Structures are given as C-alpha cells and as structure tokens.
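Trainee: The structure's right below; bear with me while I get my questions together.
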There are 2 protein chains.
Amino acid sequence: MSQMQNVEKQLREMILGLEIGPGERLTERWIESRFGASRTPVRAALLRLDTEGLVCRDGRGWTVSPINLAELEQIAVCREAVEVAAVKLTCALEDRSAVDVIEAMLDSCDAGTLREEWHRVGMDFHIELARLSGNEFLVRAVRDAMTRLSRARWLEVRDEAALGRAWAEHRAILAAVRAGDADAAAHRLSAHIVGSRDRLVTSLHNDRRGLRARGFAVVAA
Amino acid sequence: MSQMQNVEKQLREMILGLEIGPGERLTERWIESRFGASRTPVRAALLRLDTEGLVCRDGRGWTVSPINLAELEQIAVCREAVEVAAVKLTCALEDRSAVDVIEAMLDSCDAGTLREEWHRVGMDFHIELARLSGNEFLVRAVRDAMTRLSRARWLEVRDEAALGRAWAEHRAILAAVRAGDADAAAHRLSAHIVGSRDRLVTSLHNDRRGLRARGFAVVAA
DNA sequence: GATACCGTCTTGGGATACCAAGATGGTATC
DNA sequence: GATACCATCTTGGTATCCCAAGACGGTATC
C-alpha cells in the first residue's frame with residue numbers, strides 16, 4: 001500500500017474514532033512526523049479527507065471538521081431521499097434474498113459485542129441496504145452521508161435503549177423489503193432516519209457542554 | 001489564485017469541454033508543461049478531479065474518465081431522488097419568490113444564444129432549483145451529478161427540438177413550484193429527468209460509432 | 001502601562017531531485 | 001523471420017528544499 005493510502009486510512013480512522021477531536025488544528029508537519037511519511041503523501045491524504053468533509057481548510061492551515069448540528073440535519077434529509085429511493089428500487093427486484101445477509105449482520109451484534117462493532121454495523125446496515133438496489137451512486141451517497149454522521153453517532157451508540165430501538169427498526173425495514181412491500185419499507189426507513197436524526201441532534205445539543213469540555217467543537221451552524 | 005486551483009479549473013474546463021477526449025491518457029508531466037506548473041499542484045488537481053469522477057486511475061497513470069452509459073442511467077436515478085426531495089422541500093417554504101430568478105435564467109436563452117450558454121444554463125437550472133430548498137447537501141449532490149453528466153449533455157444540446165422540450169418542461173416545473181403544488185412539481189421534475197435520461201442514453205447509443213471515431217471512449221458498463 | 005513596530009518562527013504552497021516499476025524497443029540467438 | 005532477453009526510457013510515488021505569508025513575541029517609544 002502506498003504511503004498516501006496509508007496516511008489517508010490511518011488519519012481517517014483517528015478522526016472518525018475521535019482520537020483527534022472535532023475542531024482540532026492539524027499541521028502537515030505534525031502528520032508527517034506522526035506517520036513517518038513525507039509531506040507529499042500527507043498533502044494528498046488531506047486533500048482526500050477534505051472532499052470527504054473530515055478535515056477542512058481553516059484560512060491557512062487545516063482543521064478537523066467540527067461537528068455541525070445544522071449540517072447533521074441536512075445530511076439526514078439528503079440520506080432519507082437517497083435511501084428511500086434505493087429501498088424502493090430493491091423492493092421492485094425479483095431476487096431480494098440478499099436481505100438475509102444483512103439480517104445476519106444485525107444478528108452478529110449481541111450483549112457482549114463491543115461498542116465499536118455496533119457502531120460499524122449500524123453504518124454498514126444502511127450502506128449494504130442501499131447496495132441491494134444495484135445503483136452504485138446511491139451507495140456512494142449513503143456511504144458519504146454515513147461517514148459524515150459517523151463521529152456524531154458515537155454518542156447514540158452509548159445509549160443502550162437507542163441501540164435496541166434502532167435494531168428493531170432495522171429488522172422491520174428488512175421484513176418489509178423481504179415481503180417486497182415498497183411503501184412499508186420506504187415508510188419505515190424514512191421514519192427510522194428522521195427519528196435517529198432527531199434523537200441524535202437532541203442528544204448532541206444536550207451534551208454540547210460536556211463535549212466542548214473534552215475539546216470537541218460542536219457548532220450550531 | 002493558487003496554482004493548484006488554476007490547474008484544477010483549467011483542466012476541468014478542458015475535460016468538460018471535450019478538449020481532452022473521454023478515455024484519453026493523461027500524464028502528470030504533460031499537464032505540468034501544458035499549464036506551466038510543477039507536479040505538486042498538478043497532482044493535487046488530479047486528486048480533486050478524481051473525486052469528481054472526471055479522471056480516473058488507469059492502473060499506473062491517469063485517464064480522462066470514459067463516458068459510461070450504465071453510469072449515466074444510475075446517476076439519473078440518483079439525481080431524480082435528490083432533486084425531487086429538494087423541490088418538495090421548496091414547495092413547503094413560505095417564500096418561493098426566488099423561482100423568478102431561475103425563470104429569468106431560462107429567459108436569457110433565445111435563438112441567438114450560443115450552445116455553450118444553453119448547456120450551462122441547463123445545468124444551473126437544476127442546481128439553483130435545488131438550492132431553493134436551502135439544503136446544501138442536496139445542492140452538492142445535484143451539482144456533482146450534473147458535472148458527471150455534463151460531457152454527455154453536449155450531445156443533447158445539439159438537438160434544437162430537445163432543447164425546446166427541456167425548456168418547456170423547466171418552465172412547467174417552476175410554475176408548479178411557484179403555485180406551491182409539491183406533487184405536480186415532483187411529478188413534472190421526475191418525468192423531465194427520466195425523459196432526459198432516456199433521450200440522452202438513446203442518443204449516445206446511436207452516436208456511439210461517431211464518437212469513437214472522434215476518439216471518445218463510450219463504454220456500456 | 002499600553003501600543004506600535006519589527007524580527008523570528010511556523011506553516012502551507014510550490015519546485016525539483018531521486019527512485020522503483022513498468023513500458024518500449026532493439027538486438028541477439030535460434 | 002520469430003522470439004526471448006536486456007538496456008533504456010517513461011511515469012507515478014516520495015522526499016526534500018526553498019519561498020512567501022502570516023502568527024507570535026519581544027522591545028522600544030509614547
């Protein structure tokens with residue numbers, strides 16, 4: 001693997017895993033020494049992460065993108081449109097047996113599962129569900145949205161009750177897809193996304209102070 | 001403006017304007033000498049254009065992305081979902097007077113207008129229409145889709161009848177938005193996008209031979 | 001003590017040199 | 001004449017050097 005991909009991957013993991021806090025300043029020189037790469041691959045990686053919305057230019061210099069409440073709401077609206085379109089396409093397919101693979105993903109999480117795993121599967125559920133549609137651009141849009149939501153979702157994942165509710169909603173969506181009931185699937189998915197969004201924004205709004213105390217930038221707009 | 005932005009902008013214009021044909025090989029050294037920049041900004045620009053889908057890696061090396069018929073269809077499905085969601089949001093707004101600005105954009109094109117201008121306004125119509133929703137991510141998704149469709153749309157723009165039909169459909173969509181009729185707006189927009197897609201794919205399929213003769217790569221999948 | 005100015009240091013932007021891997025073409029051998 | 005092999009060239013990946021702009025801090029002046 002090239003240094004560029006290496007730096008990009010590790011830096012992305014550090015940002016998404018909140019090892020580098022939202023709003024934190026980054027210098028190319030620090031990344032360079034941190035990963036033992038030269039500035040060329042570092043700059044390439046930063047450009048990539050910039051287009052993913054994980055870092056942003058801060059005048060001169062780089063910043064880990066803050067968590068933006070308004071942005072989270074807009075992303076939820078966007079992914080709702082895209083995911084609903086995908087699931088409707090999927091319901092129109094002859095062979096929808098691949099939902100079983102997704103159901104198995106959900107089954108793999110139980111009381112003993114690490115939070116990291118719940119977090120990852122919660123994202124992959126939506127990505128893989130979109131993939132069933134066969135439309136690569138819908139998948140890309142969903143993946144992009146989930147990436148941007150990823151850091152905020154660490155909070156939701158701390159809440160046992162929220163996880164249980166989410167998993168139940170996931171299963172209900174899959175059941176509708178399996179039955180080929182596009183309207184039910186679309187309606188449940190839509191409600192799930194809107195509900196998740198509201199809980200997420202509320203929870204972030206409430207935790208705002210605590211997050212800022214930990215050095216995490218959470219901005220309203 | 002930095003060299004990076006300069007190279008990115010000019011290279012994008014050359015690709016979108018078909019000055020560099022789809023499928024054509026690119027070398028960093030050629031771009032370097034062509035724009036009088038060094039490889040650092042050239043590489044940065046290529047990375048950016050890669051994420052936009054305008055260039056792609058070709059094993060070792062770079063290629064101007066071919067026009068991909070299957071991809072065009074998928075993009076149309078994606079933008080239909082996003083644009084319809086945006087227009088529904090817009091119809092729910094109190095103040096929709098900004099449609100007049102968009103109508104004026106349409107009015108600015110007449111028999112004496114250059115093809116380049118029709119092409120540009122045809123894209124901006126959809127982007128600005130999405131912008132009325134106030135959701136930046138919907139706008140971004142639409143802009144991204146229009147960029148990827150841009151090169152193929154040069155063909156549609158050669159067809160006088162297609163342009164007239166498109167403009168009439170644009171006006172009908174605006175009328176529904178102005179009236180706040182979300183269902184009508186959504187329905188008309190959806191039909192417009194699907195119709196455009198079908199005409200575009202058919203037209204490209206028919207012109208395939210001629211395009212290949214001009215050195216343009218048009219692939220089916 | 002406050003403020004304005006100046007030097008220094010940091011930082012990203014750009015240019016260039018070097019490297020390894022793959023493409024290319026020529027040559028020698030059969 | 002065909003093919004296998006080798007030298008060479010091209011090309012992207014990387015490291016490093018230089019530069020200008022801006023941040024920071026100290027000092028001198030009022």
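Convention: chains lettered A, B, ... in structure tokens order; per-chain residue numbering from 1; ligands numbered from 1 as shown.
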Residues of region 72-174 of chain B in helix (DSSP H, G or I) according to DSSP, as a JSON list (two decimals) with C-alpha atoms, in the first residue's frame?
Mentor:
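And here is the file that came out, part-v2.json:
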```
[["chain", "number", "residue", "atom", "x", "y", "z"],
["B", 72, "LEU", "CA", -25.37, 7.83, -16.73],
["B", 73, "GLU", "CA", -28.52, 5.85, -16.02],
["B", 74, "GLN", "CA", -27.59, 5.33, -12.39],
["B", 75, "ILE", "CA", -26.74, 8.98, -11.93],
["B", 76, "ALA", "CA", -30.11, 9.95, -13.34],
["B", 77, "VAL", "CA", -31.85, 7.71, -10.81],
["B", 78, "CYS", "CA", -29.84, 9.28, -8.04],
["B", 79, "ARG", "CA", -30.44, 12.85, -9.07],
["B", 80, "GLU", "CA", -34.13, 12.16, -9.53],
["B", 81, "ALA", "CA", -34.37, 11.15, -5.89],
["B", 82, "VAL", "CA", -32.37, 14.12, -4.71],
["B", 83, "GLU", "CA", -33.96, 16.77, -6.90],
["B", 84, "VAL", "CA", -37.46, 15.60, -6.14],
["B", 85, "ALA", "CA", -36.72, 15.74, -2.43],
["B", 86, "ALA", "CA", -35.35, 19.26, -2.85],
["B", 87, "VAL", "CA", -38.30, 20.54, -4.84],
["B", 88, "LYS", "CA", -40.73, 19.12, -2.28],
["B", 89, "LEU", "CA", -38.92, 20.97, 0.47],
["B", 90, "THR", "CA", -39.02, 24.13, -1.60],
["B", 91, "CYS", "CA", -42.75, 23.86, -2.18],
["B", 99, "VAL", "CA", -38.15, 30.94, -8.67],
["B", 100, "ASP", "CA", -38.38, 34.17, -10.61],
["B", 101, "VAL", "CA", -34.60, 34.42, -10.69],
["B", 102, "ILE", "CA", -34.45, 30.94, -12.15],
["B", 103, "GLU", "CA", -37.16, 31.77, -14.66],
["B", 104, "ALA", "CA", -35.04, 34.74, -15.72],
["B", 105, "MET", "CA", -32.13, 32.40, -16.31],
["B", 106, "LEU", "CA", -34.29, 30.41, -18.71],
["B", 107, "ASP", "CA", -35.47, 33.61, -20.40],
["B", 115, "ARG", "CA", -24.76, 26.41, -27.43],
["B", 116, "GLU", "CA", -22.29, 26.78, -24.56],
["B", 117, "GLU", "CA", -24.73, 29.05, -22.82],
["B", 118, "TRP", "CA", -27.70, 26.72, -23.26],
["B", 119, "HIS", "CA", -25.56, 23.94, -21.89],
["B", 120, "ARG", "CA", -24.51, 25.93, -18.85],
["B", 121, "VAL", "CA", -27.97, 27.28, -18.07],
["B", 122, "GLY", "CA", -29.44, 23.81, -18.47],
["B", 123, "MET", "CA", -27.17, 22.59, -15.68],
["B", 124, "ASP", "CA", -27.53, 25.68, -13.50],
["B", 125, "PHE", "CA", -31.30, 25.42, -13.67],
["B", 126, "HIS", "CA", -31.22, 22.17, -11.74],
["B", 127, "ILE", "CA", -28.54, 23.30, -9.32],
["B", 128, "GLU", "CA", -30.28, 26.57, -8.49],
["B", 129, "LEU", "CA", -33.62, 24.84, -8.23],
["B", 130, "ALA", "CA", -32.12, 22.52, -5.64],
["B", 131, "ARG", "CA", -30.56, 25.47, -3.85],
["B", 136, "GLU", "CA", -26.54, 22.41, 0.99],
["B", 137, "PHE", "CA", -26.10, 18.66, 0.67],
["B", 138, "LEU", "CA", -28.92, 18.28, -1.80],
["B", 139, "VAL", "CA", -27.31, 21.07, -3.82],
["B", 140, "ARG", "CA", -23.95, 19.36, -3.68],
["B", 141, "ALA", "CA", -25.42, 16.04, -4.80],
["B", 142, "VAL", "CA", -27.16, 17.71, -7.73],
["B", 143, "ARG", "CA", -24.05, 19.65, -8.71],
["B", 144, "ASP", "CA", -21.98, 16.50, -8.56],
["B", 145, "ALA", "CA", -24.47, 14.64, -10.72],
["B", 146, "MET", "CA", -24.67, 17.46, -13.28],
["B", 147, "THR", "CA", -20.89, 17.58, -13.50],
["B", 148, "ARG", "CA", -20.76, 13.89, -14.25],
["B", 149, "LEU", "CA", -23.50, 14.24, -16.85],
["B", 150, "SER", "CA", -22.06, 17.40, -18.34],
["B", 151, "ARG", "CA", -19.98, 15.92, -21.14],
["B", 152, "ALA", "CA", -22.76, 13.65, -22.34],
["B", 153, "ARG", "CA", -25.14, 16.59, -22.37],
["B", 154, "TRP", "CA", -23.20, 18.33, -25.14],
["B", 155, "LEU", "CA", -24.97, 15.92, -27.44],
["B", 156, "GLU", "CA", -28.44, 16.79, -26.24],
["B", 160, "GLU", "CA", -32.86, 22.03, -31.24],
["B", 161, "ALA", "CA", -36.06, 20.13, -30.54],
["B", 162, "ALA", "CA", -34.70, 18.57, -27.37],
["B", 163, "LEU", "CA", -33.71, 21.99, -26.07],
["B", 164, "GLY", "CA", -37.16, 23.40, -26.68],
["B", 165, "ARG", "CA", -38.80, 20.49, -24.93],
["B", 166, "ALA", "CA", -36.41, 20.73, -21.99],
["B", 167, "TRP", "CA", -37.07, 24.46, -21.57],
["B", 168, "ALA", "CA", -40.83, 23.93, -21.68],
["B", 169, "GLU", "CA", -40.52, 21.26, -19.02],
["B", 170, "HIS", "CA", -38.32, 23.55, -16.92],
["B", 171, "ARG", "CA", -40.96, 26.26, -17.05],
["B", 172, "ALA", "CA", -43.71, 23.83, -16.14],
["B", 173, "ILE", "CA", -41.73, 22.72, -13.10],
["B", 174, "LEU", "CA", -41.19, 26.30, -12.00]]
```
Trainee: Produce a table with one row for each residue of chain C that has an atom at most 12 Å from any atom of chain A, each row naming the nearest atom pair and its distance in Å at one decimal; use only C-alpha atoms (C1' of nucleotides); arrange rows by chain and rising residue number; format as a tab-separated table.
Mentor:
```
residue	atom	partner	partner_atom	distance
C:DT10	C1'	A:Thr27	CA	10.0
C:DT11	C1'	A:Gly61	CA	7.4
C:DG12	C1'	A:Gly61	CA	6.7
C:DG13	C1'	A:Arg60	CA	10.4
C:DG14	C1'	A:Thr40	CA	11.4
```
Trainee: For the selection you just gave me, I'd like the residues written to a file as a PDB file, in the first residue's frame, keeping C-alpha atoms (C1' of nucleotides).
Mentor:
```
ATOM      1  C1'  DT C  10       5.947  28.397  11.795  1.00  0.00           C
ATOM      2  C1'  DT C  11       3.295  26.793   8.027  1.00  0.00           C
ATOM      3  C1'  DG C  12       1.341  25.769   3.677  1.00  0.00           C
ATOM      4  C1'  DG C  13       2.411  26.286  -1.495  1.00  0.00           C
ATOM      5  C1'  DG C  14       5.475  25.108  -4.952  1.00  0.00           C
TER       6       DG C  14
END
```
Trainee: With only C-alpha atoms (C1' of nucleotides) counted and 12 Å as the cut-off, give the residues of chain D in contact with chain B, each with its shortest interatomic distance in Å and the pair that gives it, as a Markdown table.
Mentor:
```
| residue | atom | partner | partner_atom | distance |
| --- | --- | --- | --- | --- |
| D:DT10 | C1' | B:Thr27 | CA | 10.0 |
| D:DT11 | C1' | B:Gly61 | CA | 7.4 |
| D:DG12 | C1' | B:Gly61 | CA | 6.6 |
| D:DG13 | C1' | B:Arg60 | CA | 10.5 |
| D:DT14 | C1' | B:Thr40 | CA | 11.6 |
```
Trainee: Output as a list in words all residues of region 10-200 of chain B that backbone DSSP marks as strand (DSSP E or B).
Mentor: Arg25, Leu26, Val55, Cys56, Arg57, Trp62, Thr63, Val64, Ile67 and Asn68 of chain B
Trainee: Atoms to include: N, CA and C atoms. Write the selected residues as a short mmCIF file (atom, residue, chain, number, x, y, z; two decimals), in the first residue's frame.
Mentor:
```
data_model
loop_
_atom_site.label_atom_id
_atom_site.label_comp_id
_atom_site.auth_asym_id
_atom_site.auth_seq_id
_atom_site.Cartn_x
_atom_site.Cartn_y
_atom_site.Cartn_z
N ARG B 25 -5.49 9.29 -22.37
CA ARG B 25 -4.48 9.16 -21.33
C ARG B 25 -3.93 10.53 -20.93
N LEU B 26 -3.62 10.65 -19.66
CA LEU B 26 -3.02 11.89 -19.15
C LEU B 26 -1.73 11.52 -18.42
N VAL B 55 -11.50 12.32 -13.90
CA VAL B 55 -10.36 11.50 -14.30
C VAL B 55 -10.37 10.26 -13.40
N CYS B 56 -9.68 9.23 -13.84
CA CYS B 56 -9.60 8.04 -13.01
C CYS B 56 -8.26 7.38 -13.19
N ARG B 57 -7.88 6.61 -12.21
CA ARG B 57 -6.62 5.89 -12.27
C ARG B 57 -6.76 4.77 -13.29
N TRP B 62 -3.03 8.03 -15.37
CA TRP B 62 -4.32 8.71 -15.30
C TRP B 62 -5.02 8.68 -16.65
N THR B 63 -6.33 8.61 -16.60
CA THR B 63 -7.15 8.62 -17.81
C THR B 63 -8.32 9.57 -17.60
N VAL B 64 -8.67 10.31 -18.64
CA VAL B 64 -9.91 11.06 -18.60
C VAL B 64 -11.05 10.04 -18.60
N ILE B 67 -17.05 8.06 -21.09
CA ILE B 67 -18.49 8.23 -20.87
C ILE B 67 -19.10 6.85 -20.74
N ASN B 68 -19.78 6.64 -19.62
CA ASN B 68 -20.26 5.31 -19.27
C ASN B 68 -21.78 5.31 -19.26
#
```
Trainee: Between CA of Glu13 (chain A) and CA of Ser65 (chain B), measure the distance and give it in Å to one decimal.
Mentor: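 Atom-to-atom, CA of Glu13 (chain A) and CA of Ser65 (chain B) are spaced 29.3 Å apart.
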Trainee: Skip Arg209 (chain B) itself and residues of its chain fewer than 6 positions away, then list as a list in words all residues within 12 Å of it, counting only C-alpha atoms (C1' of nucleotides).
Mentor: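 In the requested form, the answer reads Ser203, Gly215, Phe216, Ala217, Val218 and Val219 of chain B.
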Trainee: Need the shell around DT3 (chain C): protein/DNA/RNA residues with any atom at most 12 Å away, counting only C-alpha atoms (C1' of nucleotides). Skip same-chain ones fewer than 3 positions apart. Format as a ChimeraX atom specification?
Mentor: /D:27-30
Trainee: Measuring between only C-alpha atoms, which one of A:Arg34, A:Arg208, A:Lys9, A:Arg39 shows the shortest distance to chain B?
Mentor: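 Closest to chain B of all the choices is A:Arg39.
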Trainee: For a test of reading the model, state the distance in Å between CA of Gly36 (chain A) and CA of Gln10 (chain A), rounded to one decimal.
Mentor: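 Spanning CA of Gly36 (chain A) to CA of Gln10 (chain A) is a straight-line distance of 11.9 Å.
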Trainee: Closest to chain A among B:Leu54, B:Leu93, B:Leu47, B:Leu18, using only C-alpha atoms?
Mentor: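 When distances to chain A are compared using only C-alpha atoms, the smallest one comes from B:Leu47.
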